[in-house]
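This is protein.cif. It holds mmCIF, N, CA and C atoms.
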```cif
data_target
#
loop_
_atom_site.label_atom_id
_atom_site.label_comp_id
_atom_site.auth_asym_id
_atom_site.auth_seq_id
_atom_site.Cartn_x
_atom_site.Cartn_y
_atom_site.Cartn_z
N MET A 1 6.90 14.91 0.09
CA MET A 1 6.74 13.96 -1.00
C MET A 1 5.33 14.12 -1.58
N GLU A 2 5.28 14.24 -2.89
CA GLU A 2 4.00 14.40 -3.59
C GLU A 2 3.21 13.09 -3.58
N ARG A 3 1.89 13.22 -3.67
CA ARG A 3 1.02 12.03 -3.68
C ARG A 3 1.40 11.08 -4.81
N SER A 4 1.72 11.62 -5.97
CA SER A 4 2.08 10.77 -7.11
C SER A 4 3.37 10.00 -6.83
N GLU A 5 4.30 10.61 -6.10
CA GLU A 5 5.54 9.93 -5.73
C GLU A 5 5.27 8.80 -4.74
N ILE A 6 4.34 9.06 -3.81
CA ILE A 6 3.97 8.03 -2.84
C ILE A 6 3.33 6.85 -3.57
N LEU A 7 2.41 7.14 -4.48
CA LEU A 7 1.75 6.09 -5.25
C LEU A 7 2.78 5.27 -6.02
N ALA A 8 3.74 5.93 -6.65
CA ALA A 8 4.77 5.22 -7.42
C ALA A 8 5.59 4.30 -6.52
N LYS A 9 5.93 4.78 -5.33
CA LYS A 9 6.71 3.97 -4.39
C LYS A 9 5.88 2.79 -3.88
N VAL A 10 4.61 3.04 -3.56
CA VAL A 10 3.71 1.96 -3.12
C VAL A 10 3.57 0.93 -4.24
N GLU A 11 3.42 1.39 -5.46
CA GLU A 11 3.28 0.49 -6.60
C GLU A 11 4.53 -0.38 -6.75
N ASP A 12 5.70 0.21 -6.57
CA ASP A 12 6.95 -0.56 -6.63
C ASP A 12 6.99 -1.64 -5.55
N ILE A 13 6.54 -1.28 -4.35
CA ILE A 13 6.50 -2.24 -3.24
C ILE A 13 5.55 -3.38 -3.57
N PHE A 14 4.37 -3.07 -4.07
CA PHE A 14 3.40 -4.10 -4.44
C PHE A 14 3.97 -5.01 -5.53
N ARG A 15 4.61 -4.41 -6.54
CA ARG A 15 5.19 -5.21 -7.62
C ARG A 15 6.23 -6.18 -7.09
N GLU A 16 7.07 -5.70 -6.20
CA GLU A 16 8.12 -6.56 -5.65
C GLU A 16 7.55 -7.64 -4.74
N GLU A 17 6.69 -7.25 -3.81
CA GLU A 17 6.16 -8.21 -2.83
C GLU A 17 5.23 -9.25 -3.47
N LEU A 18 4.46 -8.84 -4.46
CA LEU A 18 3.50 -9.74 -5.10
C LEU A 18 4.07 -10.39 -6.37
N GLU A 19 5.29 -9.99 -6.74
CA GLU A 19 5.96 -10.51 -7.94
C GLU A 19 5.11 -10.31 -9.18
N LEU A 20 4.61 -9.08 -9.32
CA LEU A 20 3.78 -8.70 -10.47
C LEU A 20 4.40 -7.47 -11.13
N ASP A 21 5.30 -7.70 -12.08
CA ASP A 21 6.05 -6.61 -12.69
C ASP A 21 5.20 -5.59 -13.42
N ASP A 22 4.04 -5.98 -13.90
CA ASP A 22 3.22 -5.07 -14.69
C ASP A 22 2.00 -4.53 -13.94
N LEU A 23 1.98 -4.70 -12.61
CA LEU A 23 0.86 -4.22 -11.81
C LEU A 23 0.77 -2.70 -11.85
N VAL A 24 -0.44 -2.20 -12.07
CA VAL A 24 -0.69 -0.76 -12.05
C VAL A 24 -1.75 -0.49 -10.98
N LEU A 25 -1.42 0.39 -10.04
CA LEU A 25 -2.33 0.74 -8.96
C LEU A 25 -2.93 2.11 -9.20
N THR A 26 -4.17 2.27 -8.76
CA THR A 26 -4.83 3.58 -8.74
C THR A 26 -5.41 3.77 -7.34
N ASP A 27 -5.91 4.94 -7.05
CA ASP A 27 -6.54 5.19 -5.75
C ASP A 27 -7.70 4.24 -5.49
N GLU A 28 -8.35 3.78 -6.55
CA GLU A 28 -9.52 2.93 -6.41
C GLU A 28 -9.21 1.44 -6.31
N THR A 29 -7.95 1.04 -6.51
CA THR A 29 -7.58 -0.37 -6.48
C THR A 29 -7.84 -0.96 -5.09
N THR A 30 -8.45 -2.16 -5.07
CA THR A 30 -8.69 -2.88 -3.82
C THR A 30 -8.06 -4.27 -3.91
N ALA A 31 -8.05 -4.97 -2.79
CA ALA A 31 -7.51 -6.33 -2.77
C ALA A 31 -8.29 -7.24 -3.72
N ASP A 32 -9.57 -6.96 -3.91
CA ASP A 32 -10.39 -7.77 -4.83
C ASP A 32 -9.91 -7.65 -6.28
N ASP A 33 -9.21 -6.57 -6.58
CA ASP A 33 -8.73 -6.34 -7.95
C ASP A 33 -7.42 -7.06 -8.26
N VAL A 34 -6.72 -7.54 -7.22
CA VAL A 34 -5.40 -8.15 -7.40
C VAL A 34 -5.42 -9.54 -6.77
N GLU A 35 -5.43 -10.56 -7.61
CA GLU A 35 -5.60 -11.93 -7.13
C GLU A 35 -4.56 -12.32 -6.08
N GLU A 36 -3.32 -11.89 -6.25
CA GLU A 36 -2.23 -12.27 -5.35
C GLU A 36 -2.27 -11.53 -4.01
N TRP A 37 -3.13 -10.52 -3.88
CA TRP A 37 -3.21 -9.71 -2.66
C TRP A 37 -4.19 -10.37 -1.70
N ASP A 38 -3.66 -11.28 -0.87
CA ASP A 38 -4.49 -11.96 0.12
C ASP A 38 -4.09 -11.50 1.52
N SER A 39 -4.64 -12.13 2.55
CA SER A 39 -4.40 -11.67 3.92
C SER A 39 -2.93 -11.80 4.32
N LEU A 40 -2.27 -12.86 3.89
CA LEU A 40 -0.85 -13.02 4.22
C LEU A 40 0.00 -11.98 3.50
N SER A 41 -0.24 -11.79 2.22
CA SER A 41 0.54 -10.79 1.49
C SER A 41 0.23 -9.39 2.00
N HIS A 42 -0.96 -9.17 2.51
CA HIS A 42 -1.32 -7.86 3.06
C HIS A 42 -0.39 -7.50 4.22
N VAL A 43 -0.14 -8.47 5.09
CA VAL A 43 0.76 -8.26 6.22
C VAL A 43 2.16 -7.94 5.71
N GLN A 44 2.62 -8.66 4.72
CA GLN A 44 3.94 -8.42 4.14
C GLN A 44 4.02 -7.05 3.47
N LEU A 45 2.95 -6.68 2.79
CA LEU A 45 2.91 -5.36 2.13
C LEU A 45 2.97 -4.23 3.16
N VAL A 46 2.20 -4.36 4.23
CA VAL A 46 2.19 -3.33 5.27
C VAL A 46 3.58 -3.20 5.88
N ALA A 47 4.21 -4.32 6.20
CA ALA A 47 5.55 -4.29 6.78
C ALA A 47 6.55 -3.64 5.82
N ALA A 48 6.46 -3.96 4.54
CA ALA A 48 7.36 -3.39 3.54
C ALA A 48 7.16 -1.88 3.41
N MET A 49 5.90 -1.44 3.48
CA MET A 49 5.63 0.00 3.38
C MET A 49 6.11 0.74 4.62
N GLU A 50 5.91 0.14 5.77
CA GLU A 50 6.40 0.77 7.01
C GLU A 50 7.92 0.95 6.94
N GLU A 51 8.60 -0.05 6.44
CA GLU A 51 10.06 0.04 6.33
C GLU A 51 10.48 1.06 5.28
N ALA A 52 9.85 1.01 4.11
CA ALA A 52 10.22 1.90 3.01
C ALA A 52 10.00 3.37 3.33
N PHE A 53 8.91 3.66 4.05
CA PHE A 53 8.58 5.05 4.37
C PHE A 53 9.02 5.45 5.77
N ASP A 54 9.57 4.50 6.53
CA ASP A 54 10.00 4.72 7.91
C ASP A 54 8.85 5.28 8.76
N ILE A 55 7.73 4.56 8.71
CA ILE A 55 6.54 4.94 9.46
C ILE A 55 5.98 3.69 10.13
N GLU A 56 4.96 3.89 10.98
CA GLU A 56 4.30 2.76 11.63
C GLU A 56 2.79 3.01 11.60
N PHE A 57 2.06 1.97 11.19
CA PHE A 57 0.61 2.06 11.13
C PHE A 57 -0.01 1.44 12.39
N LYS A 58 -1.11 1.98 12.82
CA LYS A 58 -1.91 1.40 13.91
C LYS A 58 -2.85 0.37 13.30
N SER A 59 -3.21 -0.63 14.08
CA SER A 59 -4.10 -1.70 13.59
C SER A 59 -5.42 -1.14 13.08
N ARG A 60 -6.04 -0.22 13.83
CA ARG A 60 -7.33 0.31 13.41
C ARG A 60 -7.22 1.12 12.12
N GLU A 61 -6.05 1.73 11.92
CA GLU A 61 -5.80 2.48 10.70
C GLU A 61 -5.77 1.51 9.50
N ILE A 62 -5.05 0.40 9.64
CA ILE A 62 -4.95 -0.60 8.59
C ILE A 62 -6.33 -1.16 8.26
N LEU A 63 -7.11 -1.43 9.29
CA LEU A 63 -8.45 -2.00 9.09
C LEU A 63 -9.41 -1.02 8.42
N SER A 64 -9.11 0.27 8.48
CA SER A 64 -10.01 1.27 7.90
C SER A 64 -9.80 1.45 6.39
N TRP A 65 -8.69 0.94 5.87
CA TRP A 65 -8.41 1.11 4.44
C TRP A 65 -9.38 0.32 3.60
N GLU A 66 -9.98 0.99 2.63
CA GLU A 66 -10.86 0.31 1.69
C GLU A 66 -10.22 0.18 0.32
N ASN A 67 -9.19 0.99 0.06
CA ASN A 67 -8.52 0.95 -1.24
C ASN A 67 -7.14 1.60 -1.12
N ILE A 68 -6.42 1.64 -2.22
CA ILE A 68 -5.07 2.21 -2.23
C ILE A 68 -5.10 3.69 -1.87
N GLY A 69 -6.14 4.38 -2.27
CA GLY A 69 -6.26 5.81 -1.93
C GLY A 69 -6.25 6.03 -0.42
N ASP A 70 -6.97 5.18 0.32
CA ASP A 70 -6.98 5.28 1.79
C ASP A 70 -5.59 5.01 2.36
N LEU A 71 -4.90 4.03 1.80
CA LEU A 71 -3.53 3.73 2.24
C LEU A 71 -2.62 4.93 2.01
N ILE A 72 -2.71 5.52 0.85
CA ILE A 72 -1.86 6.67 0.53
C ILE A 72 -2.20 7.86 1.42
N ASP A 73 -3.48 8.06 1.73
CA ASP A 73 -3.88 9.11 2.67
C ASP A 73 -3.17 8.92 4.00
N SER A 74 -3.13 7.68 4.48
CA SER A 74 -2.47 7.39 5.77
C SER A 74 -0.97 7.68 5.68
N ILE A 75 -0.34 7.30 4.59
CA ILE A 75 1.09 7.56 4.43
C ILE A 75 1.35 9.06 4.39
N GLU A 76 0.53 9.79 3.62
CA GLU A 76 0.69 11.25 3.51
C GLU A 76 0.64 11.92 4.88
N LYS A 77 -0.27 11.49 5.74
CA LYS A 77 -0.42 12.09 7.07
C LYS A 77 0.81 11.85 7.93
N LYS A 78 1.52 10.74 7.69
CA LYS A 78 2.65 10.39 8.52
C LYS A 78 3.97 10.98 8.03
N LEU A 79 4.00 11.46 6.79
CA LEU A 79 5.25 12.01 6.24
C LEU A 79 5.40 13.48 6.51
#
```
Show the structure stored in the file as C-alpha cells.
Amino acid sequence: MERSEILAKVEDIFREELELDDLVLTDETTADDVEEWDSLSHVQLVAAMEEAFDIEFKSREILSWENIGDLIDSIEKKL
C-alpha cells in the first residue's frame, strides 16, 4: 500500500470518528490543529486504525507520534 493510500484511509477514519466531513490531513497535522481530536477521541482513532489496517500498536509507539506523518510511518512499517 502506497503512503498516499494510507493517508487517504487514515483521513477517512478521522472524518468518520470525529464527524468532520471536510477534514484534510497532512503529514504535519497534529492534535492541536483539530479541535475535536482530544485524548478520548485519540483512543477511538487508534482503535479504529488498528481495526481498519489489521495491525496493533504498542503504547510507546503511540506516545512517540508527534503528527500524522509519524502515525503513517508506524502503519507503513506494519504493513
Original post:
With all atoms listed in the file as the basis for distance, which of A:Leu20, A:Ile13, A:Leu7, A:Leu79 is at the shortest distance from Ile55 in chain A?
Top reply: A:Leu79
Subject >> Distance query Leu45 in chain A at most 8 Å, all atoms listed in the file, self and fewer than 3 positions along chain excluded, as an NGL selection string >> reply: :A and (13-14 or 17-18 or 39-42 or 48-51)
Saved selection, atoms kept: N, CA and C atoms, as a compact mmCIF listing (two decimals), in the frame of the given file:
```txt
# COMPACT_ATOMS: atom_id res chain seq x y z
N ILE A 13 6.54 -1.28 -4.35
CA ILE A 13 6.50 -2.24 -3.24
C ILE A 13 5.55 -3.38 -3.57
N PHE A 14 4.37 -3.07 -4.07
CA PHE A 14 3.40 -4.10 -4.44
C PHE A 14 3.97 -5.01 -5.53
N GLU A 17 6.69 -7.25 -3.81
CA GLU A 17 6.16 -8.21 -2.83
C GLU A 17 5.23 -9.25 -3.47
N LEU A 18 4.46 -8.84 -4.46
CA LEU A 18 3.50 -9.74 -5.10
C LEU A 18 4.07 -10.39 -6.37
N SER A 39 -4.64 -12.13 2.55
CA SER A 39 -4.40 -11.67 3.92
C SER A 39 -2.93 -11.80 4.32
N LEU A 40 -2.27 -12.86 3.89
CA LEU A 40 -0.85 -13.02 4.22
C LEU A 40 0.00 -11.98 3.50
N SER A 41 -0.24 -11.79 2.22
CA SER A 41 0.54 -10.79 1.49
C SER A 41 0.23 -9.39 2.00
N HIS A 42 -0.96 -9.17 2.51
CA HIS A 42 -1.32 -7.86 3.06
C HIS A 42 -0.39 -7.50 4.22
N ALA A 48 6.46 -3.96 4.54
CA ALA A 48 7.36 -3.39 3.54
C ALA A 48 7.16 -1.88 3.41
N MET A 49 5.90 -1.44 3.48
CA MET A 49 5.63 0.00 3.38
C MET A 49 6.11 0.74 4.62
N GLU A 50 5.91 0.14 5.77
CA GLU A 50 6.40 0.77 7.01
C GLU A 50 7.92 0.95 6.94
N GLU A 51 8.60 -0.05 6.44
CA GLU A 51 10.06 0.04 6.33
C GLU A 51 10.48 1.06 5.28
```
Subject >> Polymer residues at most 8 Å from Ala31 in chain A, only N, CA and C atoms, same-chain spacing of 3 or more positions, as a list in words >> reply: Glu28, Val34, Glu35, Glu36, Trp37, Asp38, Glu66, Asn67 and Ile68 of chain A
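The residues caught by the PyMOL selection byres (((chain A and resi 25 and name CA) around 10) and name CA) in this file are Leu7, Ala8, Val10, Glu11, Asp12, Phe14, Arg15, Asp22, Leu23, Val24, Thr26, Asp27, Glu28, Thr29, Thr30, Asp33, Val34, Asn67, Ile68 and Gly69 of chain A.
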Would you put the residues from that selection into a file with N, CA and C atoms, as a short mmCIF file (atom, residue, chain, number, x, y, z; two decimals), in the frame of the given file?
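So result_37.cif came out as:
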```cif
data_model
loop_
_atom_site.label_atom_id
_atom_site.label_comp_id
_atom_site.auth_asym_id
_atom_site.auth_seq_id
_atom_site.Cartn_x
_atom_site.Cartn_y
_atom_site.Cartn_z
N LEU A 7 2.41 7.14 -4.48
CA LEU A 7 1.75 6.09 -5.25
C LEU A 7 2.78 5.27 -6.02
N ALA A 8 3.74 5.93 -6.65
CA ALA A 8 4.77 5.22 -7.42
C ALA A 8 5.59 4.30 -6.52
N VAL A 10 4.61 3.04 -3.56
CA VAL A 10 3.71 1.96 -3.12
C VAL A 10 3.57 0.93 -4.24
N GLU A 11 3.42 1.39 -5.46
CA GLU A 11 3.28 0.49 -6.60
C GLU A 11 4.53 -0.38 -6.75
N ASP A 12 5.70 0.21 -6.57
CA ASP A 12 6.95 -0.56 -6.63
C ASP A 12 6.99 -1.64 -5.55
N PHE A 14 4.37 -3.07 -4.07
CA PHE A 14 3.40 -4.10 -4.44
C PHE A 14 3.97 -5.01 -5.53
N ARG A 15 4.61 -4.41 -6.54
CA ARG A 15 5.19 -5.21 -7.62
C ARG A 15 6.23 -6.18 -7.09
N ASP A 22 4.04 -5.98 -13.90
CA ASP A 22 3.22 -5.07 -14.69
C ASP A 22 2.00 -4.53 -13.94
N LEU A 23 1.98 -4.70 -12.61
CA LEU A 23 0.86 -4.22 -11.81
C LEU A 23 0.77 -2.70 -11.85
N VAL A 24 -0.44 -2.20 -12.07
CA VAL A 24 -0.69 -0.76 -12.05
C VAL A 24 -1.75 -0.49 -10.98
N THR A 26 -4.17 2.27 -8.76
CA THR A 26 -4.83 3.58 -8.74
C THR A 26 -5.41 3.77 -7.34
N ASP A 27 -5.91 4.94 -7.05
CA ASP A 27 -6.54 5.19 -5.75
C ASP A 27 -7.70 4.24 -5.49
N GLU A 28 -8.35 3.78 -6.55
CA GLU A 28 -9.52 2.93 -6.41
C GLU A 28 -9.21 1.44 -6.31
N THR A 29 -7.95 1.04 -6.51
CA THR A 29 -7.58 -0.37 -6.48
C THR A 29 -7.84 -0.96 -5.09
N THR A 30 -8.45 -2.16 -5.07
CA THR A 30 -8.69 -2.88 -3.82
C THR A 30 -8.06 -4.27 -3.91
N ASP A 33 -9.21 -6.57 -6.58
CA ASP A 33 -8.73 -6.34 -7.95
C ASP A 33 -7.42 -7.06 -8.26
N VAL A 34 -6.72 -7.54 -7.22
CA VAL A 34 -5.40 -8.15 -7.40
C VAL A 34 -5.42 -9.54 -6.77
N ASN A 67 -9.19 0.99 0.06
CA ASN A 67 -8.52 0.95 -1.24
C ASN A 67 -7.14 1.60 -1.12
N ILE A 68 -6.42 1.64 -2.22
CA ILE A 68 -5.07 2.21 -2.23
C ILE A 68 -5.10 3.69 -1.87
N GLY A 69 -6.14 4.38 -2.27
CA GLY A 69 -6.26 5.81 -1.93
C GLY A 69 -6.25 6.03 -0.42
#
```
**OP:** Check chain A with DSSP on the backbone and list each residue it calls helix (DSSP H, G or I), as a PyMOL selection string.
**Re:** chain A and resi 3-18+31-33+39-53+59-64+68-78
**OP:** Just give me the gap between atom N of Ala52 in chain A and atom C of Lys77 in chain A in Å, one decimal is fine.
**Re:**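 Those two atoms sit 14.6 Å apart.
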Original post:
In Å, with one decimal, what is the gap from CA of Lys78 in chain A to CA of Asp32 in chain A?
Top reply: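 Interatomic distance, CA of Lys78 in chain A to CA of Asp32 in chain A: 26.0 Å.
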Subject >> Straight-line distance linking CA of Lys9 in chain A with CA of Ser74 in chain A, stated in Å to one decimal >> reply: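 If I compute the distance from CA of Lys9 in chain A to CA of Ser74 in chain A, I get 14.1 Å.
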